[in-house]
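Asker: My structure is below; once you've seen it, I'll send some questions.
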Amino acid sequence: MTKKHTILTAINSKYIHSNLAVYCLRAYAKPYIDEVEIAEYTINQQVDDILMSLYQKHPDILCFSCYIWNIEYIERVIREIHKLLPDVPIWLGGPEVSYDSREVLRRLPQVTGVMKGEGEVTFLEVLDHYHGKRDDLSKIPGLTYRNEDEIVETPWRPVMDLSKVPFVYEHIEDFEHKIIYYESSRGCPFSCSYCLSSIDKCLRFRNLSLVKKELQFFLDHKVPQVKFVDRTFNCRHDHAMEIWRYIKEHDNGITNFHFEVAADVLKDDEIELISDMRPGLIQLEIGVQSTNPETIRAIHRHMDLKKLEHCVNRVHSFRNIHQHLDLIAGLPYEDYDIFHKSFNDVYQMKPDQLQLGFLKVLKGSPIYYDREEFGIVYQDRAPYEVLFTKWISYDDVLRLKRVEDMTERYYNSLQFEASLPFMVSLFETPFDFF
């Protein structure tokens with residue numbers, strides 16, 4: 001059987017990032033693991049440097065992992081690398097190409113096909129095809145591909161058992177100076193309309209015995225930080241409790257664990273468990289997005305704001321857990337003044353970081369299909385950020401951009417912790433200061 005040198009290309013936004021997806025694909029394709037190479041770059045590199053690097057690897061199959069932060073860059077690379085390697089099949093995968101895969105193939109004639117959605121099994125079966133074990137791509141679920149002048153689309157693949165994805169960090173030395181990403185669940189139980197996780201309602205959890213073994217590996221190797229990529233880590237109480245209890249009991253005094261949680265569903269025993277953890281053992285990211293009830297309903301978000309505030313304040317009182325709270329500007333029913341209130345509501349919760357983001361209208365997300373109803377006008381280019389809506393003008397968006405900049409400089413920089421409360425006190429509200 002002729003070997004096929006396959007390159008999984010990941011173009012990250014920063015050097016310290018790693019692409020968990022391509023490592024999972026390679027690990028799952030165990031029969032071909034010696035033939036699959038991961039090539040990681042960043043969007044800060046020159047396109048020519050990446051072209052030279054990919055060309056000199058002499059790939060037989062070339063794959064790219066696509067997200068909103070790298071899609072434009074990847075398209076530039078694809079257009080040029082195809083000229084240098086015209087006979088090499090080019091496959092794309094990732095959330096940025098999964099939901100409009102036909103349009104991607106129409107826009108990029110250089111591309112052979114798209115692997116839609118969850119990719120481990122699909123990638124393995126595509127490699128089977130190129131190694132002569134499968135004669136027909138049309139029998140592989142999860143593909144949109146080019147068959148001469150025709151675009152063929154196969155049904156979406158059923159989701160897989162997350163415990164069957166191999167652990168990818170055995171060679172932890174390869175990830176020195178990089179953030180370690182880890183998933184103990186896939187999917188999300190919530191239906192937030194701006195988020196692609198709302199599409200897949202099939203929430204799955206990795207076996208806890210595996211999770212504990214893998215967390216111990218990180219602890220033994222004194223990894224500085226592990227970021228859980230679970231969309232809502234605490235959506236299953238017993239799962240969250242087991243993991244938090246384990247890292248508390250096996251704390252090595254060094255490793256920090258980052259979790260994205262829904263604060264309003266934190267239970268009393270969860271809060272009690274984390275109340276006396278080592279300062280810095282865990283940190284929490286909490287998406288508030290808006291405190292306007294009409295907005296929350298419109299984006300199909302279920303949130304008990306009073307409970308959220310109560311839980312955030314309780315955790316804050318322990319003084320041992322960094323909390324990062326998020327807001328999104330440009331959501332339905334939220335004008336400048338209503339956002340003003342959302343900002344002040346979150347500010348008074350005293351988060352360690354307050355991130356002010358702007359709505360991204362992601363292809364395939366429910367809000368993408370509701371964009372005309374809400375009068376949402378957004379940029380055609382990635383990351384598809386809102387320009388204006390029925391409720392907020394572009395002038396007001398620009399004002400909020402300045403508020404975001406000042407919040408980053410004065411609040412999130414932590415350089416004005418003594419003077420900031422005094423300066424804010426001179427204004428009617430914190431938002432007015434920023």
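As shown in the structure tokens, the chain order sets the letters A, B, ...; within each chain, residues go from 1, and ligands are also counted from 1 in the order they appear.
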Which polymer residues have any atom within 8 Å of an atom of segment 344-351 of chain A, counting only C-alpha atoms, with same-chain residues fewer than 4 positions away left out, as a short mmCIF file (atom, residue, chain, number, x, y, z; two decimals) with C-alpha atoms, in the first residue's frame?
Answerer:
```cif
data_model
loop_
_atom_site.label_atom_id
_atom_site.label_comp_id
_atom_site.auth_asym_id
_atom_site.auth_seq_id
_atom_site.Cartn_x
_atom_site.Cartn_y
_atom_site.Cartn_z
CA VAL A 288 -23.46 37.31 30.98
CA THR A 291 -28.79 42.01 31.63
CA GLU A 309 -25.18 37.98 40.58
CA VAL A 312 -20.61 35.76 41.35
CA ASN A 313 -20.63 37.81 44.56
CA HIS A 316 -15.79 36.97 44.74
CA HIS A 322 -10.33 34.81 39.18
CA GLN A 323 -13.68 35.58 37.47
CA HIS A 324 -13.90 36.81 33.88
CA LEU A 325 -17.34 38.19 32.89
CA HIS A 340 -25.03 51.26 29.39
CA THR A 429 -21.86 55.61 36.75
CA PRO A 430 -18.80 53.47 35.85
CA PHE A 431 -19.92 53.38 32.20
#
```
Asker: Quick one: residues within 10 Å of segment 36-44 of chain A, only C-alpha atoms, excluding same-chain residues fewer than 6 positions away - as a PyMOL selection string?
Answerer: chain A and resi 4-19+22-23+25-27+29-30+50+53-54+57+59+61-64+69-74+127
Asker: How would the residues just chosen look if you wrote them out with N, CA and C atoms as a short mmCIF file (atom, residue, chain, number, x, y, z; two decimals), in the first residue's frame?
Answerer:
```cif
data_model
loop_
_atom_site.label_atom_id
_atom_site.label_comp_id
_atom_site.auth_asym_id
_atom_site.auth_seq_id
_atom_site.Cartn_x
_atom_site.Cartn_y
_atom_site.Cartn_z
N LYS A 4 0.62 7.83 2.03
CA LYS A 4 0.18 9.16 1.62
C LYS A 4 0.57 10.15 2.72
N HIS A 5 1.50 11.02 2.41
CA HIS A 5 1.94 12.01 3.39
C HIS A 5 0.86 13.10 3.50
N THR A 6 0.18 13.13 4.64
CA THR A 6 -0.93 14.06 4.85
C THR A 6 -0.51 15.14 5.83
N ILE A 7 -0.78 16.39 5.47
CA ILE A 7 -0.46 17.53 6.33
C ILE A 7 -1.75 18.09 6.91
N LEU A 8 -1.85 18.14 8.23
CA LEU A 8 -2.94 18.84 8.91
C LEU A 8 -2.43 20.22 9.29
N THR A 9 -2.94 21.23 8.62
CA THR A 9 -2.42 22.59 8.79
C THR A 9 -3.30 23.38 9.74
N ALA A 10 -2.68 23.92 10.78
CA ALA A 10 -3.37 24.77 11.75
C ALA A 10 -2.71 26.14 11.75
N ILE A 11 -3.49 27.16 11.48
CA ILE A 11 -2.96 28.53 11.51
C ILE A 11 -3.61 29.26 12.67
N ASN A 12 -2.87 29.39 13.75
CA ASN A 12 -3.40 29.94 15.00
C ASN A 12 -3.29 31.45 15.03
N SER A 13 -4.01 32.06 15.97
CA SER A 13 -3.96 33.52 16.06
C SER A 13 -2.71 34.01 16.78
N LYS A 14 -2.15 33.16 17.67
CA LYS A 14 -0.93 33.52 18.39
C LYS A 14 -0.05 32.28 18.54
N TYR A 15 1.22 32.51 18.78
CA TYR A 15 2.16 31.40 18.93
C TYR A 15 1.81 30.53 20.13
N ILE A 16 1.32 31.14 21.22
CA ILE A 16 1.06 30.38 22.45
C ILE A 16 -0.17 29.48 22.32
N HIS A 17 -0.95 29.64 21.25
CA HIS A 17 -2.13 28.79 21.06
C HIS A 17 -1.72 27.49 20.37
N SER A 18 -2.49 26.45 20.61
CA SER A 18 -2.34 25.21 19.87
C SER A 18 -3.73 24.82 19.37
N ASN A 19 -3.77 23.98 18.35
CA ASN A 19 -5.04 23.60 17.74
C ASN A 19 -5.40 22.19 18.17
N VAL A 22 -6.73 19.47 15.31
CA VAL A 22 -5.86 18.70 14.41
C VAL A 22 -5.13 17.59 15.17
N TYR A 23 -4.84 17.82 16.44
CA TYR A 23 -4.18 16.78 17.24
C TYR A 23 -5.14 15.61 17.46
N LEU A 25 -7.61 14.76 15.39
CA LEU A 25 -7.75 14.08 14.10
C LEU A 25 -6.59 13.12 13.88
N ARG A 26 -5.40 13.60 14.13
CA ARG A 26 -4.21 12.75 13.91
C ARG A 26 -4.23 11.54 14.85
N ALA A 27 -4.55 11.78 16.12
CA ALA A 27 -4.53 10.69 17.10
C ALA A 27 -5.58 9.63 16.77
N ALA A 29 -6.73 8.90 13.79
CA ALA A 29 -6.37 8.19 12.55
C ALA A 29 -5.16 7.29 12.80
N LYS A 30 -5.28 6.43 13.79
CA LYS A 30 -4.14 5.64 14.28
C LYS A 30 -3.47 4.80 13.21
N ILE A 50 4.78 30.40 4.84
CA ILE A 50 3.95 29.20 4.98
C ILE A 50 3.91 28.42 3.67
N SER A 53 7.10 26.50 3.44
CA SER A 53 7.11 25.41 4.40
C SER A 53 6.24 24.24 3.94
N LEU A 54 5.01 24.53 3.51
CA LEU A 54 4.11 23.47 3.06
C LEU A 54 4.64 22.78 1.80
N LYS A 57 7.38 20.25 2.44
CA LYS A 57 6.96 19.03 3.13
C LYS A 57 6.47 17.95 2.15
N PRO A 59 3.52 17.28 0.49
CA PRO A 59 2.31 16.55 0.90
C PRO A 59 1.66 15.82 -0.27
N ILE A 61 -1.64 14.87 0.54
CA ILE A 61 -2.97 15.39 0.89
C ILE A 61 -2.75 16.57 1.82
N LEU A 62 -3.48 17.66 1.59
CA LEU A 62 -3.28 18.88 2.38
C LEU A 62 -4.61 19.27 3.01
N CYS A 63 -4.63 19.43 4.35
CA CYS A 63 -5.86 19.75 5.07
C CYS A 63 -5.66 21.04 5.88
N PHE A 64 -6.73 21.81 6.01
CA PHE A 64 -6.68 23.08 6.75
C PHE A 64 -7.83 23.13 7.76
N TRP A 69 -11.02 33.42 12.76
CA TRP A 69 -9.81 34.25 12.86
C TRP A 69 -8.77 33.92 11.79
N ASN A 70 -8.95 32.80 11.06
CA ASN A 70 -7.89 32.45 10.10
C ASN A 70 -8.40 32.20 8.68
N ILE A 71 -9.72 32.28 8.45
CA ILE A 71 -10.25 31.85 7.16
C ILE A 71 -9.73 32.70 5.99
N GLU A 72 -9.65 34.01 6.17
CA GLU A 72 -9.17 34.85 5.08
C GLU A 72 -7.70 34.54 4.76
N TYR A 73 -6.93 34.31 5.79
CA TYR A 73 -5.53 33.97 5.62
C TYR A 73 -5.40 32.63 4.91
N ILE A 74 -6.19 31.65 5.35
CA ILE A 74 -6.14 30.32 4.74
C ILE A 74 -6.52 30.38 3.26
N LEU A 127 -9.00 9.24 4.75
CA LEU A 127 -7.68 8.63 4.55
C LEU A 127 -7.82 7.20 4.04
#
```
Asker: Tell me which of A:Val165, A:Leu362, A:Leu308, A:Ala240 sits closest to Tyr99 of chain A, counting only C-alpha atoms.
Answerer: A:Leu362
Asker: Distance atom CA of Arg106 of chain A-atom CA of Arg146 of chain A, one decimal place?
Answerer: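 According to the coordinates, atom CA of Arg106 of chain A and atom CA of Arg146 of chain A are separated by 9.6 Å.
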Asker: For the structure I just gave you, how does DSSP split segment 46-153 of chain A - specifically, which residues are alpha helix (DSSP H)? Reply as a PyMOL selection string.
Answerer: chain A and resi 47-56+71-84+95-98+101-107+120-130
Asker: Give me, please, the distance in Å between atom CA of Lys363 of chain A and atom CA of Asp380 of chain A, quoted to one decimal.
Answerer: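 For atom CA of Lys363 of chain A relative to atom CA of Asp380 of chain A, the distance reads 10.8 Å.
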Asker: Where does segment 190-224 of chain A meet segment 249-272 of chain A within 7 Å, residue by residue, with the nearest atom pair and distance in Å to one decimal for each, counting only C-alpha atoms, listed by chain and rising number, as a tab-separated table?
Answerer:
```
residue	atom	partner	partner_atom	distance
A:Leu219	CA	A:Asn252	CA	6.2
A:Lys222	CA	A:Thr255	CA	6.0
A:Val223	CA	A:Thr255	CA	5.6
A:Pro224	CA	A:Thr255	CA	4.6
```
Asker: Those selected residues, please, written with C-alpha atoms and delivered as a PDB file, in the first residue's frame.
Answerer:
```pdb
ATOM      1  CA  LEU A 219      -0.460  17.711  37.226  1.00  0.00           C
ATOM      2  CA  LYS A 222       3.378  20.669  36.234  1.00  0.00           C
ATOM      3  CA  VAL A 223       1.659  22.211  33.193  1.00  0.00           C
ATOM      4  CA  PRO A 224       1.128  25.951  33.959  1.00  0.00           C
TER       5      PRO A 224
END
```
